[in-house]
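A.B. asks: This one is query_33.cif, mmCIF, C-alpha atoms.
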```
data_start
#
loop_
_atom_site.label_atom_id
_atom_site.label_comp_id
_atom_site.auth_asym_id
_atom_site.auth_seq_id
_atom_site.Cartn_x
_atom_site.Cartn_y
_atom_site.Cartn_z
CA MET A 1 62.73 138.92 88.36
CA PRO A 2 62.45 142.55 89.51
CA GLU A 3 65.28 144.72 88.19
CA LEU A 4 67.08 147.56 89.94
CA ASP A 5 67.84 150.81 88.22
CA LYS A 6 71.44 151.88 87.63
CA GLN A 7 71.31 154.46 90.43
CA LYS A 8 70.28 151.85 92.98
CA GLU A 9 72.89 149.40 91.74
CA ASP A 10 75.58 152.06 92.19
CA GLU A 11 74.23 152.88 95.63
CA ILE A 12 74.49 149.21 96.69
CA ARG A 13 77.96 148.93 95.21
CA ARG A 14 79.05 151.97 97.24
CA LEU A 15 77.40 150.60 100.34
CA VAL A 16 79.31 147.29 100.07
CA TYR A 17 82.66 148.97 99.41
CA ASP A 18 82.19 151.54 102.19
CA PHE A 19 81.14 148.80 104.58
CA PHE A 20 84.28 146.71 104.03
CA ALA A 21 86.50 149.79 104.04
CA GLU A 22 85.17 150.80 107.45
CA GLU A 23 85.00 147.31 108.96
CA CYS A 24 88.51 146.41 107.82
CA ASP A 25 89.95 149.86 108.36
CA ILE A 26 91.22 150.11 104.81
CA ASP A 27 90.93 152.77 102.12
CA ALA A 28 88.01 151.92 99.79
CA SER A 29 90.19 152.77 96.80
CA LYS A 30 92.39 149.78 97.68
CA LEU A 31 89.47 147.40 97.35
CA SER A 32 88.29 145.81 94.13
CA ASP A 33 85.70 143.26 93.06
CA SER A 34 88.39 140.58 93.20
CA THR A 35 89.48 141.33 96.77
CA ASN A 36 89.10 138.13 98.76
CA ILE A 37 87.24 138.96 101.95
CA ILE A 38 88.46 136.00 103.98
CA GLU A 39 92.06 135.78 102.84
CA GLU A 40 92.85 139.45 102.29
CA LEU A 41 90.52 141.22 104.72
CA GLU A 42 90.18 138.52 107.41
CA GLY A 43 86.42 138.74 107.07
CA ASP A 44 84.00 136.27 108.61
CA SER A 45 80.35 135.41 108.98
CA LEU A 46 79.79 138.09 111.61
CA MET A 47 80.96 140.69 109.13
CA LEU A 48 78.54 139.38 106.51
CA LEU A 49 75.70 139.48 109.04
CA SER A 50 76.58 143.07 109.90
CA LEU A 51 76.31 143.96 106.22
CA LEU A 52 73.02 142.11 105.99
CA GLU A 53 71.70 144.12 108.94
CA ILE A 54 72.63 147.40 107.21
CA VAL A 55 70.97 146.26 103.97
CA ARG A 56 67.91 145.00 105.83
CA LYS A 57 67.42 148.34 107.56
CA LYS A 58 68.14 150.48 104.51
CA TYR A 59 65.81 148.61 102.18
CA GLY A 60 63.27 147.26 104.69
CA LEU A 61 63.97 143.63 103.87
CA LYS A 62 62.97 140.47 105.65
CA ILE A 63 65.26 137.68 104.66
CA GLU A 64 65.69 134.47 106.62
CA LEU A 65 69.20 133.42 107.51
CA LYS A 66 68.40 129.86 106.50
CA VAL A 67 67.44 131.08 103.03
CA LEU A 68 70.62 133.10 102.70
CA GLY A 69 72.67 130.17 103.96
CA LYS A 70 71.16 127.82 101.39
CA HIS A 71 71.98 130.28 98.65
CA LEU A 72 75.56 130.68 99.90
CA MET A 73 76.05 126.92 99.94
CA LYS A 74 75.19 126.86 96.26
CA LYS A 75 77.06 130.03 95.43
CA PRO A 76 79.66 131.15 97.98
CA ALA A 77 80.52 134.83 98.25
CA ASN A 78 84.25 135.07 98.90
CA THR A 79 85.15 138.27 97.07
CA ILE A 80 83.80 141.79 97.32
CA GLY A 81 82.38 141.42 93.82
CA GLN A 82 80.52 138.27 94.83
CA VAL A 83 79.17 139.93 97.99
CA LYS A 84 78.06 142.90 95.87
CA GLU A 85 76.20 140.54 93.51
CA LEU A 86 74.68 138.75 96.50
CA THR A 87 73.55 142.05 98.02
CA LEU A 88 71.96 143.11 94.74
CA LYS A 89 70.09 139.78 94.63
CA ILE A 90 68.94 140.13 98.23
CA VAL A 91 67.57 143.62 97.58
CA ARG A 92 65.89 142.45 94.36
CA LEU A 93 64.48 139.16 95.59
CA GLY A 94 64.46 138.94 99.40
CA ASP A 95 63.54 135.40 100.47
CA ASN A 96 62.90 134.39 96.85
CA ILE A 97 66.68 134.31 96.45
CA VAL A 98 66.52 130.62 97.33
CA ASN A 99 64.59 129.89 94.14
CA VAL A 100 67.20 131.45 91.89
CA ASP A 101 69.26 129.08 89.80
CA VAL A 102 72.95 129.72 90.31
CA MET B 1 85.92 129.97 132.90
CA THR B 2 84.36 126.86 131.46
CA THR B 3 80.63 126.68 131.32
CA SER B 4 79.05 123.35 130.63
CA LEU B 5 75.41 123.13 129.75
CA THR B 6 75.52 119.37 129.92
CA TRP B 7 74.88 118.02 133.21
CA THR B 8 74.78 114.34 132.38
CA PHE B 9 76.81 112.01 130.24
CA ASN B 10 75.26 108.98 128.63
CA SER B 11 77.70 106.33 127.39
CA ARG B 12 75.08 104.99 124.97
CA LEU B 13 75.53 108.12 122.93
CA SER B 14 78.25 108.68 120.36
CA LEU B 15 79.61 111.88 118.96
CA ALA B 16 77.88 112.66 115.67
CA SER B 17 79.54 116.01 115.06
CA CYS B 18 80.79 119.12 116.75
CA GLY B 19 81.21 122.78 115.90
CA ILE B 20 83.28 125.53 117.43
CA ASP B 21 83.22 129.29 117.22
CA SER B 22 85.23 131.98 118.90
CA GLU B 23 84.65 135.73 118.88
CA HIS B 24 86.09 138.88 120.38
CA VAL B 25 83.51 140.38 122.73
CA GLU B 26 84.29 143.95 121.62
CA ARG B 27 82.93 143.22 118.14
CA PHE B 28 79.46 143.10 119.67
CA CYS B 29 79.65 146.51 121.34
CA LYS B 30 77.97 148.23 118.40
CA TRP B 31 74.98 145.88 118.61
CA GLU B 32 74.45 146.59 122.26
CA LYS B 33 74.12 150.26 121.33
CA ALA B 34 72.03 149.62 118.22
CA GLY B 35 68.57 150.11 119.70
CA LYS B 36 65.78 147.61 120.15
CA ASN B 37 65.48 145.43 117.10
CA PHE B 38 69.05 144.85 115.95
CA LEU B 39 69.94 141.66 114.11
CA PRO B 40 66.40 140.18 114.20
CA PHE B 41 67.61 137.27 112.09
CA VAL B 42 70.20 136.37 114.75
CA TYR B 43 68.74 137.16 118.18
CA THR B 44 65.28 136.49 119.56
CA PRO B 45 63.49 139.31 121.43
CA LYS B 46 63.95 137.24 124.59
CA GLU B 47 67.72 137.05 124.06
CA ARG B 48 67.98 140.78 123.48
CA ALA B 49 65.91 141.50 126.60
CA HIS B 50 67.95 139.00 128.61
CA CYS B 51 71.25 140.52 127.51
CA ARG B 52 70.06 144.03 128.35
CA GLY B 53 69.54 142.86 131.92
CA LEU B 54 73.02 141.38 132.28
CA GLU B 55 75.88 143.08 134.05
CA ASP B 56 77.85 142.59 130.83
CA PRO B 57 75.28 142.71 127.98
CA VAL B 58 77.95 142.58 125.26
CA ALA B 59 79.34 139.30 126.60
CA GLY B 60 75.81 137.91 126.54
CA LEU B 61 75.38 138.84 122.87
CA CYS B 62 78.80 137.44 122.02
CA ALA B 63 78.18 134.15 123.85
CA ALA B 64 74.79 133.67 122.19
CA PHE B 65 76.29 134.32 118.75
CA CYS B 66 79.15 131.86 119.37
CA VAL B 67 76.68 129.16 120.38
CA LYS B 68 74.49 129.75 117.30
CA GLU B 69 77.48 129.76 114.96
CA ALA B 70 78.98 126.65 116.59
CA LEU B 71 75.64 124.88 116.19
CA PHE B 72 75.61 125.84 112.51
CA LYS B 73 79.04 124.28 112.09
CA ALA B 74 78.00 121.15 113.99
CA LEU B 75 74.86 120.75 111.90
CA GLY B 76 76.70 121.41 108.64
CA ARG B 77 73.64 123.06 107.18
CA PRO B 78 72.06 126.49 107.46
CA TYR B 79 69.26 127.16 109.92
CA ASN B 80 67.59 130.24 111.30
CA PHE B 81 69.68 131.46 114.22
CA THR B 82 66.51 132.56 115.99
CA ASP B 83 65.55 128.87 116.29
CA CYS B 84 68.42 128.46 118.73
CA GLU B 85 68.06 130.49 121.90
CA PHE B 86 70.89 130.96 124.34
CA LEU B 87 70.44 133.00 127.47
CA TYR B 88 73.88 133.58 128.88
CA ALA B 89 74.39 134.07 132.56
CA GLY B 90 78.06 133.32 133.01
CA THR B 91 77.46 130.23 135.09
CA PRO B 92 76.20 126.83 133.92
CA GLU B 93 73.35 126.63 136.32
CA ASN B 94 71.84 129.91 135.15
CA SER B 95 72.51 129.88 131.38
CA ARG B 96 69.82 128.36 129.22
CA PHE B 97 70.01 126.75 125.79
CA GLU B 98 66.90 125.85 123.84
CA LEU B 99 66.06 124.85 120.29
CA SER B 100 62.69 125.74 118.81
CA GLU B 101 60.18 123.17 117.59
CA LYS B 102 61.17 124.06 114.02
CA MET B 103 64.52 122.35 114.63
CA ALA B 104 62.88 119.14 115.84
CA PRO B 105 62.72 117.19 112.52
CA GLY B 106 66.49 117.16 112.09
CA MET B 107 67.27 116.75 115.76
CA ARG B 108 65.35 113.63 116.75
CA ASN B 109 67.42 111.35 118.99
CA ILE B 110 70.17 113.94 119.05
CA GLN B 111 71.47 115.29 122.31
CA THR B 112 73.09 118.69 122.22
CA ILE B 113 75.91 119.68 124.50
CA VAL B 114 77.10 123.26 124.72
CA LYS B 115 80.37 124.31 126.29
CA LEU B 116 81.47 127.87 126.75
CA LEU B 117 85.02 128.95 127.35
CA ARG B 118 86.81 132.22 127.83
CA PRO B 119 90.22 131.22 126.48
CA PHE B 120 91.63 134.74 126.49
CA LYS B 121 90.59 138.03 127.98
CA GLY B 122 87.91 139.63 125.82
CA GLN B 123 87.16 136.45 123.91
CA ILE B 124 84.39 133.87 124.18
CA SER B 125 84.36 130.45 122.54
CA ALA B 126 81.54 127.96 122.21
CA ILE B 127 81.71 124.28 121.37
CA VAL B 128 78.54 122.44 120.39
CA TYR B 129 78.56 118.65 120.39
CA LEU B 130 75.79 116.66 118.76
CA LEU B 131 75.43 113.18 120.21
CA SER B 132 73.33 110.41 118.72
CA ALA B 133 72.23 107.03 120.07
CA VAL B 134 74.70 104.21 119.36
#
```
Could you quickly redo this structure as structure tokens?

C.D. replies:
Amino acid sequence: MPELDKQKEDEIRRLVYDFFAEECDIDASKLSDSTNIIEELEGDSLMLLSLLEIVRKKYGLKIELKVLGKHLMKKPANTIGQVKELTLKIVRLGDNIVNVDV
Amino acid sequence: MTTSLTWTFNSRLSLASCGIDSEHVERFCKWEKAGKNFLPFVYTPKERAHCRGLEDPVAGLCAAFCVKEALFKALGRPYNFTDCEFLYAGTPENSRFELSEKMAPGMRNIQTIVKLLRPFKGQISAIVYLLSAV
């Protein structure tokens, strides 16, 4: 499994936090890995797709929605921490994310 | 406004499942301004081109997304949104709904009905019914 360096991991972490702060009009300092996106931020699938679009453009990824959906059925991403982990996996693995044991 | 993309009803069919989605149109404004190839995993090039030609392109993007998301909920399993194409025109006779051949294996003997509603100003809802032979 390809690994990401610390700098890139931090960059992705920042990207996820900044994204939710802007989308939900909330100060990023008030967010944490345990913040529940659906219950606390009223997030939804469209928000997740918007994040995916940003990640896709930034890192030149081609991931199929069906692949991402299959992964999310096995391992849901309800908190910011889980979305951050998911984003790291997407950047690392792209479509191979479906083959990862969760 | 209620838009029905079903033009016939067959009593030999029973409701297998249905899915619903509702979105605020304004959430799609940023995509309309996002250049040519935005959300390639959601919209087909034909949908993007179609929406650009509409009087209200944002409503077109919103309606297509609602239909795709409602279909996902009706199916109960993930699929590639680009395998479901919805060309919104505001009226039933002009809107077009089509599933790609890739969807065929799971959709044999299934009839799909799409309904669009505008329950509130600035909001579009889609209901997708999947009907199977009794």

A.B. asks: Evaluate the PyMOL selection byres ((chain B) within 10 of (chain A)) against this structure - the residues, as a VMD selection string, please.

C.D. replies: chain B and resid 23 27 to 28 31 38 to 42 65 to 66 69 77 to 82

A.B. asks: Select, from A:Lys75, A:Leu4, A:Ile37, A:Ile90, the residue with the minimum atom-to-atom distance to Cys24 in chain A, counting only C-alpha atoms.

C.D. replies: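 That would be A:Ile37, the residue with the smallest distance to Cys24 in chain A.
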
A.B. asks: I'd like to see the residues matched by the PyMOL selection byres ((chain A and resi 32) around 12) on this file, and ideally I'd get them as a list in words.

C.D. replies: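 With the shown file as input, the PyMOL selection byres ((chain A and resi 32) around 12) matches Arg13, Arg14, Val16, Tyr17, Asp18, Phe20, Ala21, Ile26, Asp27, Ala28, Ser29, Lys30, Leu31, Asp33, Ser34, Thr35, Asn36, Ile37, Glu40, Leu41, Thr79, Ile80, Gly81, Gln82, Val83 and Lys84 of chain A.
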
A.B. asks: What's the 9 Å shell around Cys18 in chain B, counting all atoms listed in the file, without same-chain residues fewer than 3 positions away, as a PyMOL selection string?

C.D. replies: chain B and resi 15+70-71+73-75+127-131

A.B. asks: Measuring atom to atom with only C-alpha atoms, identify which of B:Lys102, B:Asn109, B:Phe120, B:Ala63 is nearest to Ala89 in chain B.

C.D. replies: B:Ala63

A.B. asks: Tell me, as a VMD selection string, which residues lie within 10 Å of Pro57 in chain B, counting all atoms listed in the file; anything in the same chain fewer than 3 positions away does not count.

C.D. replies: chain B and resid 28 to 29 31 to 32 48 to 54 60 to 63 88 to 89

A.B. asks: If you measure from CA of Lys46 in chain B to CA of Phe86 in chain B, what distance in Å do you get, rounded to one decimal?

C.D. replies: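 Between CA of Lys46 in chain B and CA of Phe86 in chain B the gap works out to 9.4 Å.
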
A.B. asks: Find the residue from B:Phe72, B:Ala104, B:Leu99, B:Leu117 that sits nearest to Gly19 in chain B; use all atoms listed in the file when measuring.

C.D. replies: B:Phe72

A.B. asks: Determine the residue membership of the PyMOL selection byres ((chain B and resi 98) around 10) for the file above and supply it as a PDB file with C-alpha atoms, keeping the file's coordinate frame.

C.D. replies:
```pdb
ATOM      1  CA  ASP B  83      65.550 128.870 116.290  1.00  0.00           C
ATOM      2  CA  CYS B  84      68.420 128.460 118.730  1.00  0.00           C
ATOM      3  CA  GLU B  85      68.060 130.490 121.900  1.00  0.00           C
ATOM      4  CA  PHE B  86      70.890 130.960 124.340  1.00  0.00           C
ATOM      5  CA  LEU B  87      70.440 133.000 127.470  1.00  0.00           C
ATOM      6  CA  ARG B  96      69.820 128.360 129.220  1.00  0.00           C
ATOM      7  CA  PHE B  97      70.010 126.750 125.790  1.00  0.00           C
ATOM      8  CA  LEU B  99      66.060 124.850 120.290  1.00  0.00           C
ATOM      9  CA  SER B 100      62.690 125.740 118.810  1.00  0.00           C
ATOM     10  CA  GLU B 101      60.180 123.170 117.590  1.00  0.00           C
ATOM     11  CA  THR B 112      73.090 118.690 122.220  1.00  0.00           C
TER      12      THR B 112
END
```

A.B. asks: CA of Ser17 in chain B and CA of Ala64 in chain B are how many Å apart?

C.D. replies: 19.6 Å

A.B. asks: Just how far from CA of Thr87 in chain A is CA of Leu61 in chain A, in Å to one decimal?

C.D. replies: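 Going from CA of Leu61 in chain A over to CA of Thr87 in chain A, I get 11.3 Å.
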